[in-house]
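A.B. asks: Sharing my_file-v3.tsv below, TSV, C-alpha atoms:
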```
chain	number	residue	atom	x	y	z
A	1	MET	CA	-4.01	27.61	4.62
A	2	PHE	CA	-3.07	24.22	6.14
A	3	PHE	CA	-6.56	22.88	5.41
A	4	PHE	CA	-6.30	23.71	1.71
A	5	VAL	CA	-2.80	22.23	1.48
A	6	LYS	CA	-4.09	19.02	3.06
A	7	ILE	CA	-7.03	18.83	0.62
A	8	ALA	CA	-4.70	19.37	-2.35
A	9	PHE	CA	-2.36	16.64	-1.10
A	10	MET	CA	-5.22	14.16	-0.64
A	11	THR	CA	-6.59	14.93	-4.10
A	12	GLU	CA	-3.17	14.42	-5.66
A	13	MET	CA	-2.70	11.16	-3.74
A	14	LEU	CA	-6.12	9.87	-4.79
A	15	GLU	CA	-5.30	10.55	-8.44
A	16	LYS	CA	-2.01	8.65	-8.14
A	17	ILE	CA	-3.87	5.70	-6.62
A	18	ARG	CA	-6.51	5.81	-9.37
A	19	LYS	CA	-3.88	5.77	-12.12
A	20	TYR	CA	-2.06	2.86	-10.46
A	21	TRP	CA	-5.18	0.71	-10.25
A	22	THR	CA	-6.17	1.64	-13.79
A	23	ARG	CA	-2.93	0.07	-14.98
A	24	ARG	CA	-3.47	-2.94	-12.72
A	25	ALA	CA	-7.11	-3.52	-13.70
A	26	GLU	CA	-6.45	-6.18	-16.35
A	27	SER	CA	-4.14	-8.33	-14.23
A	28	TYR	CA	-6.35	-7.89	-11.16
A	29	SER	CA	-9.37	-8.98	-13.16
A	30	ASP	CA	-7.46	-12.06	-14.31
A	31	LEU	CA	-6.91	-12.90	-10.64
A	32	THR	CA	-10.60	-12.41	-9.88
A	33	ARG	CA	-11.65	-14.75	-12.69
A	34	SER	CA	-9.19	-17.32	-11.39
A	35	GLU	CA	-10.62	-17.02	-7.88
A	36	LEU	CA	-14.19	-17.32	-9.12
A	37	SER	CA	-13.41	-20.50	-11.03
A	38	GLY	CA	-11.18	-22.12	-8.40
A	39	ASP	CA	-11.04	-23.13	-4.76
A	40	ALA	CA	-10.83	-19.51	-3.59
A	41	HIS	CA	-14.49	-19.12	-4.50
A	42	THR	CA	-15.42	-21.89	-2.06
A	43	ARG	CA	-13.18	-20.65	0.78
A	44	TRP	CA	-14.29	-17.03	0.61
A	45	ASN	CA	-17.94	-17.86	0.09
A	46	ALA	CA	-17.94	-20.04	3.20
A	47	VAL	CA	-16.40	-17.27	5.33
A	48	LEU	CA	-18.82	-14.63	4.04
A	49	THR	CA	-21.83	-16.89	4.51
A	50	GLU	CA	-20.85	-17.84	8.06
A	51	ASN	CA	-20.38	-14.24	9.14
A	52	ILE	CA	-23.49	-12.98	7.40
A	53	ARG	CA	-25.65	-15.63	9.04
A	54	LYS	CA	-24.06	-14.96	12.44
A	55	ASN	CA	-24.77	-11.25	12.27
A	56	GLU	CA	-28.25	-11.71	10.83
A	57	SER	CA	-28.98	-13.78	13.91
A	58	LEU	CA	-27.60	-11.07	16.20
A	59	SER	CA	-29.63	-8.38	14.44
A	60	GLY	CA	-32.81	-10.44	14.32
A	61	ARG	CA	-33.41	-9.86	10.63
A	62	LYS	CA	-32.31	-11.08	7.22
A	63	TYR	CA	-29.87	-8.87	5.32
A	64	THR	CA	-30.95	-7.78	1.85
A	65	GLU	CA	-28.85	-4.72	0.90
A	66	ALA	CA	-25.06	-5.06	0.58
A	67	LEU	CA	-22.31	-2.64	-0.35
A	68	ASP	CA	-18.93	-3.85	-1.61
A	69	VAL	CA	-16.54	-0.92	-1.11
A	70	GLY	CA	-13.50	-0.98	-3.39
A	71	THR	CA	-15.14	-3.72	-5.41
A	72	GLY	CA	-12.32	-3.82	-7.96
A	73	PRO	CA	-13.13	-6.47	-10.58
A	74	GLY	CA	-16.15	-7.53	-8.50
A	75	PHE	CA	-15.13	-10.66	-6.60
A	76	PHE	CA	-17.05	-10.02	-3.36
A	77	ALA	CA	-19.94	-8.38	-5.21
A	78	ILE	CA	-20.41	-11.47	-7.35
A	79	LEU	CA	-20.27	-13.85	-4.39
A	80	LEU	CA	-22.88	-11.82	-2.51
A	81	ALA	CA	-25.13	-11.46	-5.56
A	82	LYS	CA	-25.06	-15.24	-5.96
A	83	GLN	CA	-26.35	-15.46	-2.39
A	84	GLY	CA	-29.38	-13.42	-3.40
A	85	LEU	CA	-28.39	-10.06	-1.90
A	86	ASN	CA	-29.02	-6.76	-3.67
A	87	VAL	CA	-25.42	-5.67	-4.18
A	88	THR	CA	-23.90	-2.30	-4.92
A	89	GLY	CA	-20.23	-2.30	-5.94
A	90	LEU	CA	-18.35	0.96	-5.38
A	91	ASP	CA	-14.93	1.80	-6.79
A	92	TYR	CA	-13.03	4.98	-7.61
A	93	THR	CA	-11.28	3.51	-10.65
A	94	GLU	CA	-13.40	3.49	-13.80
A	95	GLU	CA	-11.51	0.63	-15.43
A	96	MET	CA	-12.09	-1.58	-12.38
A	97	LEU	CA	-15.83	-1.00	-12.74
A	98	VAL	CA	-15.63	-2.00	-16.40
A	99	LYS	CA	-13.96	-5.26	-15.39
A	100	ALA	CA	-16.49	-5.82	-12.59
A	101	GLY	CA	-19.32	-5.37	-15.08
A	102	LEU	CA	-17.85	-7.96	-17.45
A	103	ASN	CA	-17.12	-10.42	-14.64
A	104	SER	CA	-20.59	-10.12	-13.09
A	105	LYS	CA	-22.20	-10.60	-16.50
A	106	ASN	CA	-20.10	-13.71	-17.11
A	107	ALA	CA	-21.08	-14.97	-13.66
A	108	GLY	CA	-24.76	-14.53	-14.49
A	109	VAL	CA	-25.52	-12.02	-11.73
A	110	SER	CA	-26.61	-8.40	-11.58
A	111	VAL	CA	-24.58	-5.88	-9.56
A	112	ASN	CA	-25.25	-2.15	-9.29
A	113	LEU	CA	-21.82	-0.67	-10.05
A	114	GLN	CA	-21.06	2.93	-9.12
A	115	ARG	CA	-18.00	5.14	-9.11
A	116	GLY	CA	-17.27	6.89	-5.83
A	117	ASN	CA	-14.82	7.63	-3.05
A	118	ALA	CA	-14.84	5.19	-0.12
A	119	CYS	CA	-13.99	8.05	2.26
A	120	SER	CA	-16.89	10.27	1.16
A	121	MET	CA	-19.93	8.48	-0.21
A	122	ASP	CA	-23.23	9.86	-1.54
A	123	TYR	CA	-25.51	7.20	-0.02
A	124	PRO	CA	-28.16	8.23	2.51
A	125	ASP	CA	-27.77	7.27	6.16
A	126	GLU	CA	-28.61	3.65	7.00
A	127	SER	CA	-28.79	2.40	3.40
A	128	PHE	CA	-27.17	-1.04	3.79
A	129	ASP	CA	-27.39	-4.11	6.01
A	130	LEU	CA	-23.94	-5.35	5.07
A	131	LEU	CA	-20.73	-3.64	4.03
A	132	VAL	CA	-17.77	-5.72	2.84
A	133	THR	CA	-14.31	-4.80	1.68
A	134	ARG	CA	-11.09	-6.63	0.88
A	135	ASN	CA	-7.57	-5.21	0.53
A	136	LEU	CA	-8.82	-1.64	0.47
A	137	THR	CA	-8.31	0.13	3.79
A	138	TRP	CA	-4.51	0.15	3.53
A	139	ASP	CA	-4.91	2.02	0.22
A	140	LEU	CA	-7.02	4.89	1.57
A	141	GLU	CA	-5.78	8.43	2.03
A	142	SER	CA	-8.18	8.97	4.98
A	143	PRO	CA	-9.16	5.70	6.69
A	144	GLU	CA	-10.64	7.54	9.67
A	145	ASP	CA	-13.15	9.25	7.38
A	146	ALA	CA	-13.86	5.94	5.66
A	147	TYR	CA	-14.77	4.15	8.88
A	148	LYS	CA	-17.09	7.04	9.82
A	149	GLU	CA	-18.76	6.87	6.41
A	150	TRP	CA	-19.14	3.10	6.57
A	151	TYR	CA	-20.76	3.38	9.98
A	152	ARG	CA	-23.10	6.10	8.70
A	153	VAL	CA	-24.44	4.14	5.72
A	154	LEU	CA	-25.03	0.94	7.69
A	155	LYS	CA	-28.46	0.27	9.12
A	156	LYS	CA	-28.77	-0.41	12.84
A	157	GLY	CA	-27.97	-4.06	13.34
A	158	GLY	CA	-25.82	-4.01	10.21
A	159	VAL	CA	-22.24	-5.20	9.99
A	160	LEU	CA	-18.94	-4.33	8.35
A	161	LEU	CA	-16.65	-7.20	7.29
A	162	ASN	CA	-13.23	-5.81	6.41
A	163	PHE	CA	-10.46	-8.14	5.20
A	164	ASP	CA	-7.04	-6.53	5.00
A	165	ALA	CA	-3.37	-6.76	5.97
A	166	ALA	CA	-0.43	-4.52	6.85
A	167	TRP	CA	0.82	-4.82	3.28
A	168	TYR	CA	3.50	-2.15	3.41
A	169	LYS	CA	4.68	-2.37	6.99
A	170	TYR	CA	7.96	-3.69	5.58
A	171	LEU	CA	8.76	-0.16	4.42
A	172	PHE	CA	8.93	0.95	8.06
A	173	ASP	CA	9.84	-2.14	10.11
A	174	GLU	CA	13.13	-4.04	9.73
A	175	ASP	CA	11.84	-7.41	10.96
A	176	THR	CA	8.92	-7.28	8.54
A	177	LYS	CA	11.26	-6.15	5.77
A	178	HIS	CA	13.41	-9.23	6.37
A	179	THR	CA	10.35	-11.51	6.21
A	180	TYR	CA	9.20	-9.78	3.02
A	181	HIS	CA	12.50	-10.34	1.23
A	182	ARG	CA	12.70	-13.92	2.47
A	183	ALA	CA	9.27	-14.59	0.90
A	184	HIS	CA	10.87	-14.52	-2.56
A	185	ASP	CA	13.20	-17.37	-1.57
A	186	ASP	CA	10.45	-19.27	0.23
A	187	ALA	CA	8.22	-19.18	-2.85
A	188	ARG	CA	11.04	-20.51	-5.00
A	189	ASP	CA	11.92	-23.21	-2.44
A	190	HIS	CA	8.30	-24.38	-2.39
A	191	ASP	CA	8.14	-24.30	-6.21
A	192	LEU	CA	5.41	-21.65	-6.04
A	193	PRO	CA	4.88	-18.50	-8.11
A	194	ASP	CA	6.44	-15.34	-6.67
A	195	LEU	CA	3.35	-13.21	-6.06
A	196	ASN	CA	5.44	-10.29	-4.80
A	197	ASP	CA	7.28	-9.91	-8.10
A	198	TYR	CA	5.38	-7.59	-10.45
A	199	ASP	CA	6.30	-4.54	-12.52
A	200	GLU	CA	4.25	-1.97	-10.62
A	201	SER	CA	5.59	-2.86	-7.16
A	202	PRO	CA	8.01	0.11	-6.88
A	203	VAL	CA	5.23	2.51	-7.88
A	204	MET	CA	2.91	1.42	-5.10
A	205	GLU	CA	5.77	1.37	-2.60
A	206	GLU	CA	6.34	5.08	-3.27
A	207	ILE	CA	2.63	5.81	-2.89
A	208	SER	CA	2.34	3.71	0.26
A	209	LYS	CA	5.10	5.62	2.02
A	210	ASN	CA	2.61	8.47	2.27
A	211	LEU	CA	-0.51	6.48	3.14
A	212	PRO	CA	-1.43	6.72	6.85
A	213	LEU	CA	-1.95	3.03	7.60
A	214	SER	CA	1.37	1.87	6.15
A	215	SER	CA	3.40	3.00	9.16
A	216	ASN	CA	0.79	2.18	11.83
A	217	GLU	CA	0.35	-1.03	13.79
A	218	ARG	CA	-2.48	-2.96	12.23
A	219	PRO	CA	-5.11	-4.05	13.03
A	220	GLU	CA	-4.73	-2.14	16.32
A	221	ILE	CA	-5.15	1.26	14.66
A	222	ASP	CA	-8.19	-0.01	12.75
A	223	LEU	CA	-9.89	-1.17	15.93
A	224	GLU	CA	-9.26	2.24	17.45
A	225	LEU	CA	-10.69	4.07	14.44
A	226	MET	CA	-13.69	1.75	14.20
A	227	LYS	CA	-14.60	2.23	17.85
A	228	LYS	CA	-14.18	5.97	17.44
A	229	ALA	CA	-16.60	5.86	14.51
A	230	GLY	CA	-19.18	4.06	16.67
A	231	PHE	CA	-18.66	0.39	15.78
A	232	LYS	CA	-18.58	-2.47	18.23
A	233	ALA	CA	-15.36	-3.85	16.77
A	234	GLU	CA	-13.42	-7.09	16.95
A	235	VAL	CA	-10.71	-8.81	14.93
A	236	ASP	CA	-9.89	-12.32	13.73
A	237	ARG	CA	-6.12	-12.40	13.24
A	238	GLU	CA	-6.09	-15.96	11.92
A	239	ILE	CA	-8.48	-15.63	8.97
A	240	TRP	CA	-5.56	-15.91	6.54
A	241	LYS	CA	-5.31	-19.59	7.43
A	242	THR	CA	-8.83	-20.11	6.11
A	243	VAL	CA	-9.05	-17.88	3.03
A	244	TRP	CA	-5.53	-18.14	1.59
A	245	ASP	CA	-4.12	-21.04	-0.40
A	246	GLU	CA	-0.55	-22.32	0.03
A	247	ALA	CA	0.94	-19.86	-2.46
A	248	GLU	CA	-0.63	-16.89	-0.68
A	249	GLN	CA	0.37	-18.12	2.76
A	250	VAL	CA	4.00	-18.52	1.72
A	251	ASN	CA	4.26	-15.32	-0.31
A	252	PHE	CA	2.43	-13.09	2.14
A	253	ALA	CA	3.79	-14.43	5.43
A	254	TYR	CA	5.09	-10.91	6.13
A	255	ALA	CA	1.52	-9.51	6.14
A	256	PRO	CA	-1.03	-12.08	7.42
A	257	MET	CA	-4.58	-11.15	6.55
A	258	PHE	CA	-6.99	-10.25	9.36
A	259	MET	CA	-10.78	-9.83	9.42
A	260	LEU	CA	-12.23	-6.80	11.16
A	261	THR	CA	-15.89	-7.05	12.17
A	262	GLY	CA	-17.77	-3.88	13.02
A	263	ARG	CA	-21.36	-3.99	14.23
A	264	LYS	CA	-23.70	-1.02	14.35
A	265	GLU	CA	-25.80	-1.74	17.39
```
Re-express the file's structure as structure tokens.

C.D. replies:
Amino acid sequence: MFFFVKIAFMTEMLEKIRKYWTRRAESYSDLTRSELSGDAHTRWNAVLTENIRKNESLSGRKYTEALDVGTGPGFFAILLAKQGLNVTGLDYTEEMLVKAGLNSKNAGVSVNLQRGNACSMDYPDESFDLLVTRNLTWDLESPEDAYKEWYRVLKKGGVLLNFDAAWYKYLFDEDTKHTYHRAHDDARDHDLPDLNDYDESPVMEEISKNLPLSSNERPEIDLELMKKAGFKAEVDREIWKTVWDEAEQVNFAYAPMFMLTGRKE
């Protein structure tokens, strides 16, 4: 009985997440277009290129097949396609895939866009050389299953590059909560937009209270789950200094972005 209750809860949670991101698709796509046309494109492209080349060297081969999990409006997928990789973009939210299709077309690249669940994918074993994801893992109802799936679909010598942050730790930790609330004042004091002020914030807070990674120490729990899945895992806790602009660094000081690297050796 417990198993079926758990499955029902996860299905209900996934539907809530899908509906949330459906409503956010337009504004999130606006952000992606801004990143593609601005300095963010250069910063992120440099980080991806450096890490791809590094891991190609370690594997002894050139990567050709890439999977962008939780592609959203297609930012990573477009960057990788511009580098000449064959890119598949996976997302559970239909409207995000619509936006990704429009954005990739406008960028002049071709991306294979597919709807699917990051925690349970239909791809055969060892399908991809490279798997990338940004701001997704925190939003998963079963991150342990996701890491196992990501390991499964990677070829030997392949690599996972996972960029994320402990976005909702402030719901469970008083010090982080204080830093989160102070970010509103810091943005105003620096004459920067308040990136934490948006209409749907209370909705995602309620969802995140029931997501497993929100209350865990990150990236420590991720490293544990990655190693359990089979990855040789490491973390760069300072990547936020490279990929974020001033507005992001001020607004998101409560949740600095990290980069998790997982190699399938």

A.B. asks: Quick one: axis-aligned box around all listed atoms of stretch 156-170 of chain A, 6 Å on every side, centre and edge lengths in Å to one decimal, written as AutoDock Vina command-line options.

C.D. replies:
```
--center_x -10.4 --center_y -4.3 --center_z 8.3 --size_x 48.7 --size_y 19.7 --size_z 22.1
```

A.B. asks: Mind checking which residues fall within 9 Å of A:Glu126, counting only C-alpha atoms, ignoring those fewer than 3 positions away in the same chain, and posting them as a ChimeraX atom specification?

C.D. replies: /A:123,129,151-156,158

A.B. asks: May I have the residues within 12 Å of A:His41 as a list in words, using only C-alpha atoms and disregarding those fewer than 5 positions away in the same chain?

C.D. replies: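 Close residues of A:His41: Leu31, Thr32, Arg33, Ser34, Glu35, Leu36, Ala46, Val47, Leu48, Thr49, Phe75, Phe76, Ile78, Leu79, Leu80, Lys82, Val243, Trp244 and Asp245 of chain A.
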
A.B. asks: Distance atom CA of A:Val132-atom CA of A:Ala66, one decimal place?

C.D. replies: 7.7 Å

A.B. asks: Using only C-alpha atoms for the distances, tell me which of A:Arg237, A:Lys177, A:Lys148, A:Arg182 is nearest to A:Ala118.

C.D. replies: A:Lys148

A.B. asks: So the first atom is atom CA of A:Lys54 and the second is atom CA of A:Asn162; what is the distance between them in Å, to one decimal place?

C.D. replies: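 Those two atoms sit 15.4 Å apart.
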
A.B. asks: Using all atoms listed in the file, which of A:Pro256, A:Gly84, A:Gly72, A:Gly116 sits nearest A:Ala165?

C.D. replies: A:Pro256

A.B. asks: Find, counting only C-alpha atoms, the residue in A:Leu223, A:His190, A:Thr71, A:Thr88 that gets nearest to A:Tyr147.

C.D. replies: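 Checking each of A:Leu223, A:His190, A:Thr71, A:Thr88 against A:Tyr147, counting only C-alpha atoms, the winner is A:Leu223.
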
A.B. asks: For stretch 58-91 of chain A of the structure just presented, write C-alpha atoms to a file, as a PDB file, in the first residue's frame.

C.D. replies:
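This went into selection.pdb:
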```
ATOM      1  CA  LEU A  58      40.175  12.466 -20.425  1.00  0.00           C
ATOM      2  CA  SER A  59      37.977  10.114 -22.437  1.00  0.00           C
ATOM      3  CA  GLY A  60      40.254  10.090 -25.462  1.00  0.00           C
ATOM      4  CA  ARG A  61      37.497  10.853 -27.937  1.00  0.00           C
ATOM      5  CA  LYS A  62      35.454  13.732 -29.309  1.00  0.00           C
ATOM      6  CA  TYR A  63      31.911  14.082 -27.994  1.00  0.00           C
ATOM      7  CA  THR A  64      29.150  14.118 -30.601  1.00  0.00           C
ATOM      8  CA  GLU A  65      25.866  13.272 -28.820  1.00  0.00           C
ATOM      9  CA  ALA A  66      24.535  15.596 -26.103  1.00  0.00           C
ATOM     10  CA  LEU A  67      21.435  15.550 -23.934  1.00  0.00           C
ATOM     11  CA  ASP A  68      20.124  18.709 -22.276  1.00  0.00           C
ATOM     12  CA  VAL A  69      17.842  17.510 -19.460  1.00  0.00           C
ATOM     13  CA  GLY A  70      15.220  20.039 -18.393  1.00  0.00           C
ATOM     14  CA  THR A  71      16.042  22.095 -21.456  1.00  0.00           C
ATOM     15  CA  GLY A  72      13.317  24.656 -20.725  1.00  0.00           C
ATOM     16  CA  PRO A  73      13.381  27.318 -23.464  1.00  0.00           C
ATOM     17  CA  GLY A  74      16.546  25.727 -24.870  1.00  0.00           C
ATOM     18  CA  PHE A  75      19.471  27.842 -23.660  1.00  0.00           C
ATOM     19  CA  PHE A  76      22.032  25.049 -23.165  1.00  0.00           C
ATOM     20  CA  ALA A  77      20.712  23.086 -26.138  1.00  0.00           C
ATOM     21  CA  ILE A  78      21.264  26.054 -28.430  1.00  0.00           C
ATOM     22  CA  LEU A  79      24.775  26.718 -27.131  1.00  0.00           C
ATOM     23  CA  LEU A  80      25.760  23.085 -27.654  1.00  0.00           C
ATOM     24  CA  ALA A  81      24.165  22.906 -31.107  1.00  0.00           C
ATOM     25  CA  LYS A  82      26.182  25.969 -32.113  1.00  0.00           C
ATOM     26  CA  GLN A  83      29.288  24.013 -31.118  1.00  0.00           C
ATOM     27  CA  GLY A  84      28.363  21.333 -33.639  1.00  0.00           C
ATOM     28  CA  LEU A  85      27.015  18.691 -31.258  1.00  0.00           C
ATOM     29  CA  ASN A  86      23.946  16.596 -32.041  1.00  0.00           C
ATOM     30  CA  VAL A  87      21.666  17.817 -29.261  1.00  0.00           C
ATOM     31  CA  THR A  88      18.539  16.345 -27.751  1.00  0.00           C
ATOM     32  CA  GLY A  89      16.557  18.639 -25.448  1.00  0.00           C
ATOM     33  CA  LEU A  90      14.290  16.902 -22.931  1.00  0.00           C
ATOM     34  CA  ASP A  91      11.591  18.589 -20.865  1.00  0.00           C
TER      35      ASP A  91
END
```
